[in-house]
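Read the structure below first, then the notes.
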Amino acid sequence: MSNLVKQTRRTQTERSDRTRKLLHEATIALLMEVGYSNTTSLGIAKRAGVSRGAQTHHYPEKIDLIVAATEDMFHAFAEGLSQQAVQLRAGSISLDDFLSRVWMRMLEGDWFYASLEIIVAARGDEELRRRLQPAIFSLHSRFEAIWRGTFAPVPGSDVDPAVIMNVVMNMFRGMAVQAVLRPDRTFLQDMLKAMADLLRERVEPIVQ
């Protein structure tokens, strides 16, 4: 195979990757701004700045876009979480810092509120629910691997760190929902501190 053919194929792949990335970002942005029911394939293509033909070439239906963008978003959130966990294990940040950073990613990023839109939609859409379940299971498995590799039970306890940290994540989700109508940062920080105190009673970071 000539270098010209290889370069052409690489360029085509790069363009396709770029188009998919733009479509994913536009999908999440619209989910955040107008909600699932008002997010359309045409609206996504316009927001992404790509042609309708390019959009349908990669993702024929809206659900294909939603699922692909959700998987991409989940992967990015898990990657960020993994990086924070590495810093915690290295002793670069404290447990309080770790919790605060995870919380702020959830509160100020797109992961939670976009996924909330999708979860609510999936409740009444069997196909969407079926297509998203593998991504959800994969995300949770990755979370649990991070938790078990980052936290250990305190002496005298046999609690599974993955269970405790899933409780923490669910508390974060509840706090994020509450913050929509009660954006009281002081109150939220007080809850975050209380959560850290409760967490220390059950698990401790594995410092390497």
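Numbering starts fresh at 1 for the residues of each chain in the structure tokens, the chains themselves are lettered A, B, ... in the order given, and ligands are numbered from 1 as they appear.
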With the cut-off set at 12 Å and counting only C-alpha atoms, tabulate each residue of region 94-181 of chain A with an atom at most that distance from an atom of region 34-53 of chain A, showing the nearest atom pair and its distance in Å to one decimal, ordered by chain and increasing number, as CSV.
```
residue,atom,partner,partner_atom,distance
A:Tyr113,CA,A:Gly35,CA,9.7
A:Ala114,CA,A:Gly35,CA,8.2
A:Ser115,CA,A:Tyr36,CA,10.0
A:Leu116,CA,A:Gly35,CA,9.7
A:Glu117,CA,A:Tyr36,CA,6.0
A:Ile118,CA,A:Tyr36,CA,6.6
A:Ile119,CA,A:Tyr36,CA,9.7
A:Val120,CA,A:Tyr36,CA,8.8
A:Ala121,CA,A:Tyr36,CA,6.8
A:Ala122,CA,A:Tyr36,CA,9.9
A:Gly124,CA,A:Ser37,CA,11.7
A:Asp125,CA,A:Ser37,CA,11.4
A:Leu128,CA,A:Tyr36,CA,11.5
```
Please run DSSP on the backbone and report, as a PDB file with all heavy atoms, in the first residue's frame, all residues within region 4-206 of chain A that come out as strand (DSSP E or B).
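Saved as states-v2.pdb:
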```pdb
ATOM      1  N   PHE A 151      -9.949   2.537  47.739  1.00  0.00           N
ATOM      2  CA  PHE A 151     -10.355   2.557  49.143  1.00  0.00           C
ATOM      3  C   PHE A 151     -10.311   1.162  49.746  1.00  0.00           C
ATOM      4  O   PHE A 151     -10.523   0.159  49.063  1.00  0.00           O
ATOM      5  CB  PHE A 151     -11.776   3.120  49.281  1.00  0.00           C
ATOM      6  CG  PHE A 151     -11.917   4.545  48.847  1.00  0.00           C
ATOM      7  CD1 PHE A 151     -12.355   4.853  47.562  1.00  0.00           C
ATOM      8  CD2 PHE A 151     -11.595   5.588  49.707  1.00  0.00           C
ATOM      9  CE1 PHE A 151     -12.471   6.168  47.143  1.00  0.00           C
ATOM     10  CE2 PHE A 151     -11.710   6.912  49.300  1.00  0.00           C
ATOM     11  CZ  PHE A 151     -12.150   7.203  48.020  1.00  0.00           C
ATOM     12  N   ALA A 152     -10.022   1.129  51.045  1.00  0.00           N
ATOM     13  CA  ALA A 152     -10.030  -0.118  51.809  1.00  0.00           C
ATOM     14  C   ALA A 152     -10.883   0.082  53.057  1.00  0.00           C
ATOM     15  O   ALA A 152     -11.007   1.215  53.549  1.00  0.00           O
ATOM     16  CB  ALA A 152      -8.606  -0.510  52.202  1.00  0.00           C
ATOM     17  N   PRO A 153     -11.477  -0.990  53.577  1.00  0.00           N
ATOM     18  CA  PRO A 153     -12.240  -0.846  54.823  1.00  0.00           C
ATOM     19  C   PRO A 153     -11.324  -0.386  55.946  1.00  0.00           C
ATOM     20  O   PRO A 153     -10.150  -0.745  55.991  1.00  0.00           O
ATOM     21  CB  PRO A 153     -12.768  -2.263  55.081  1.00  0.00           C
ATOM     22  CG  PRO A 153     -12.687  -2.961  53.765  1.00  0.00           C
ATOM     23  CD  PRO A 153     -11.520  -2.372  53.055  1.00  0.00           C
ATOM     24  N   VAL A 203     -14.331   3.663  55.318  1.00  0.00           N
ATOM     25  CA  VAL A 203     -13.233   3.323  54.412  1.00  0.00           C
ATOM     26  C   VAL A 203     -12.130   4.365  54.524  1.00  0.00           C
ATOM     27  O   VAL A 203     -12.340   5.459  55.070  1.00  0.00           O
ATOM     28  CB  VAL A 203     -13.706   3.231  52.942  1.00  0.00           C
ATOM     29  CG1 VAL A 203     -14.694   2.110  52.748  1.00  0.00           C
ATOM     30  CG2 VAL A 203     -14.282   4.573  52.482  1.00  0.00           C
ATOM     31  N   GLU A 204     -10.960   4.003  53.999  1.00  0.00           N
ATOM     32  CA  GLU A 204      -9.831   4.930  53.975  1.00  0.00           C
ATOM     33  C   GLU A 204      -9.105   4.766  52.650  1.00  0.00           C
ATOM     34  O   GLU A 204      -9.114   3.682  52.061  1.00  0.00           O
ATOM     35  CB  GLU A 204      -8.879   4.655  55.135  1.00  0.00           C
ATOM     36  CG  GLU A 204      -8.336   3.233  55.168  1.00  0.00           C
ATOM     37  CD  GLU A 204      -7.571   2.945  56.451  1.00  0.00           C
ATOM     38  OE1 GLU A 204      -7.585   3.803  57.366  1.00  0.00           O
ATOM     39  OE2 GLU A 204      -6.949   1.868  56.529  1.00  0.00           O
ATOM     40  N   PRO A 205      -8.488   5.848  52.158  1.00  0.00           N
ATOM     41  CA  PRO A 205      -7.770   5.752  50.879  1.00  0.00           C
ATOM     42  C   PRO A 205      -6.578   4.818  50.981  1.00  0.00           C
ATOM     43  O   PRO A 205      -5.923   4.704  52.018  1.00  0.00           O
ATOM     44  CB  PRO A 205      -7.307   7.191  50.636  1.00  0.00           C
ATOM     45  CG  PRO A 205      -8.187   8.042  51.485  1.00  0.00           C
ATOM     46  CD  PRO A 205      -8.501   7.222  52.692  1.00  0.00           C
TER      47      PRO A 205
END
```
- Task: Would you mind reading off the distance between CA of Ala176 (chain A) and CA of Val207 (chain A), one decimal, in Å?
- Result: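 Here the two named atoms are 29.1 Å from each other.
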- Interatomic distance between CA of Met169 (chain A) and CA of Leu99 (chain A)? 9.8 Å
- Task: Pick out the residues sitting within 12 Å of Arg185 (chain A), and hand them over as number ranges by chain; count only C-alpha atoms, and ignore anything fewer than 6 positions along from it in its own chain.
- Result: A: 103-104, 107, 175-176, 178-179, 191-192
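Going from CA of Met32 (chain A) to CA of Arg105 (chain A) covers 14.9 Å.
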- From the set A:Glu108, A:Ala90, A:Phe143, A:Ile63, which residue has the shortest atom-to-atom contact distance to Glu126 (chain A), counting only C-alpha atoms?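 Among the listed residues, A:Ile63 lies closest to Glu126 (chain A).
Distance check against Arg202 (chain A) using only C-alpha atoms: of A:Val180, A:Met165, A:Leu30, A:Leu188, the minimum falls on A:Met165.
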- Task: List every residue of region 42-99 of chain A that DSSP, applied to the backbone of this structure, assigns to helix (DSSP H, G or I), and report them as a ChimeraX atom specification.
- Result: /A:42-48,52-58,62-89,95-99
